[in-house]
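S.K.: Here it is, the structure in full.
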Amino acid sequence: MSTSSLFLQNVRPMGGPACDLLIEQGRIAAMGTSLPLPEGAERIDGGGQLLLPGLVESHTHLDKTLWGQDWYVNEVGNQLVDKINNERAYRAQARHDSARQSLRMAREFLALGTTRIRSHADVDTDIGTRHVAGLLQTRADMAPWQDIQVVAFPQSGLLQRKGTAQLLDESLAMGADVLGGLDPCAIDLDPAQSLNVLFEIAERHNKPLDIHLHEPGDMGAFSLQLILDRTEAHGLHNKVVISHGFCLGDVSDAQRSALLARMAKLGVSLVTSAPPSRSVPPLGACQRAGVSMAGGNDGIRDTWSPYGRPDMLERAMFIGMRYNLRRDDEVEQALHCVTHAGAEVCGFADYGLTPGSRADLVLVPAQTPTHAVAARPVRSLVIAHGQIVAREGRLLLE
């Protein structure tokens with residue numbers, strides 16, 4: 001459903017005082033108390049509900065999801081390489097359709113209030129650039145309501161399979177927004193060469209980087225130092241994101257402080273899924289150092305894991321639980337990871353609840369932001385690009 005203008009009455013932005021909000025031409029035109037109802041505007045009584053900005057998913061894999069398919073029985077080994085090889089075997093056997101599956105998951109995200117997504121798409125010598133093409137199609141299909149950034153991601157490594165670098169180059173030429181990377185020590189076994197190739201591709205295409213760094217302890221810290229060296233050498237300030245960064249939860253306080261200080265200086269950000277089974281970068285230490293941290297689901301119901309839902313309020317809850325955030329002001333930090341921090345880290349523009357921002361809004365029957373995270377209620381209303389796209393958790397798009 002769309003209309004030229006919407007008028008929301010009696011809503012509470014981020015749990016603050018009730019106000020009215022006018023949306024015109026897809027943007028927030030005005031906010032205040034007792035605003036006059038413009039002629040022709042559709043009036044919506046918010047009933048004093050909580051108003052949030054559209055939620056942000058900063059790290060997922062839309063191309064991999066098995067959502068809506070028959071249940072996948074997971075019998076894979078515990079090592080990262082086991083999961084990578086198992087997934088490649090499954091793709092070959094099942095002829096996985098990344099366009100269909102990514103669109104299915106993007107729509108589920110939108111119904112629950114997520115209007116901006118950064119998704120990685122696998123690139124390797126088995127599938128070539130097919131997953132990137134599928135995700136680019138989903139990006140185009142969802143463009144009227146949802147912003148999707150496509151990351152060309154070498155899930156099987158960059159150096160171990162000859163031709164992967166060329167495929168990444170082709171993916172960026174096709175229109176991928178971001179260049180992905182993966183564990184230069186543990187997977188590529190030649191961190192200097194791996195990162196040299198990766199940063200040269202990014203510089204050639206003038207694209208930002210988002211690098212999966214699963215490596216633990218000193219190995220991960222070594223890789224991170226090399227990444228920071230190249231970020232500085234290539235002048236990619238504010239254009240590099242580290243996904244996971246488990247090593248920052250392993251190393252000594254002194255070593256972590258030095259790494260975070262350098263990350264802050266170079267504008268290198270973090271994205272966490274806050275997994276319960278791995279070390280995670282300490283949220284408080286990152287904030288004190290000035291390193292932005294966003295939140296994401298990682299994979300949702302795929303060959304890697306049966307878990308996950310396309311609900312960023314639920315992911316905020318998991319972040320809060322992983323970091324033992326109990327006070328309301330602390331839980332709001334978890335919500336920040338899937339709202340404003342996500343928009344900042346991924347570079348999504350025109351975000352927020354201020355006049356001039358794009359009208360991506362979520363109306364939630366909750367008393368406070370912490371209540372919304374803890375209860376994860378059905379979304380009463382989702383507005384994307386100024387259009388009503390979902391009510392009571394049900395997508396209205398055909």
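Chain labels run A, B, ... following the order of the structure tokens; each chain numbers its residues from 1, and ligands are numbered from 1 in the order shown.
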Could you give me the residues within range 222-389 of chain A that DSSP places in strand (DSSP E), as a PyMOL selection string?
M.R.: chain A and resi 240-244+269-272+293-295+361-364+381-384+387-389
S.K.: Can you tell me, as a list of chain:residue names, what residues are no more than 10 Å from Val132 in chain A when counting only C-alpha atoms, ignoring any on the same chain fewer than 4 positions away?
M.R.: A:Asp63, A:Ser98, A:Ala99, A:His120, A:Ala121, A:Asp122, A:Val123, A:Ile127, A:Gly128, A:Leu136, A:Gln137, A:Thr138, A:Val150, A:Val151, A:Ala152, A:Phe153, A:Leu168, A:Glu170, A:Ser171, A:Leu172, A:Met174, A:Gly175, A:Ala176
S.K.: Please provide the set of residues having any atom within 7 Å of range 34-45 of chain A, restricted to only C-alpha atoms, with same-chain residues fewer than 5 positions apart removed, written as a PyMOL selection string.
M.R.: chain A and resi 5-10+20
S.K.: Write the residues of the preceding selection, restricted to N, CA and C atoms, as a short mmCIF file (atom, residue, chain, number, x, y, z; two decimals), in the first residue's frame.
M.R.:
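Saved as again.cif:
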```cif
data_model
loop_
_atom_site.label_atom_id
_atom_site.label_comp_id
_atom_site.auth_asym_id
_atom_site.auth_seq_id
_atom_site.Cartn_x
_atom_site.Cartn_y
_atom_site.Cartn_z
N SER A 5 1.23 10.88 1.17
CA SER A 5 1.64 11.35 2.49
C SER A 5 0.94 10.55 3.58
N LEU A 6 1.65 10.34 4.68
CA LEU A 6 1.13 9.64 5.86
C LEU A 6 1.24 10.55 7.06
N PHE A 7 0.29 10.44 7.95
CA PHE A 7 0.29 11.27 9.16
C PHE A 7 0.12 10.34 10.36
N LEU A 8 1.20 10.14 11.10
CA LEU A 8 1.17 9.29 12.29
C LEU A 8 0.89 10.15 13.51
N GLN A 9 -0.14 9.81 14.24
CA GLN A 9 -0.48 10.55 15.45
C GLN A 9 -0.21 9.69 16.69
N ASN A 10 0.24 10.38 17.75
CA ASN A 10 0.40 9.75 19.05
C ASN A 10 1.37 8.56 19.00
N ASP A 20 3.36 13.74 16.91
CA ASP A 20 2.84 13.43 15.58
C ASP A 20 4.01 13.46 14.59
#
```
S.K.: Val11 in chain A: which residues within 12 Å, counting only C-alpha atoms, same-chain residues fewer than 3 positions away excluded, as a PyMOL selection string?
M.R.: chain A and resi 7-8+14-22+31-34+44-52+353+361-367+380-381
S.K.: Give the helix (DSSP H, G or I) residues of range 205-252 of chain A, as DSSP finds them on the backbone, and put them as a list in words.
M.R.: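 These are the residues in question: His205, Gly217, Asp218, Met219, Gly220, Ala221, Phe222, Ser223, Leu224, Gln225, Leu226, Ile227, Leu228, Asp229, Arg230, Thr231, Glu232, Ala233, Phe246, Cys247, Leu248 and Gly249 of chain A.
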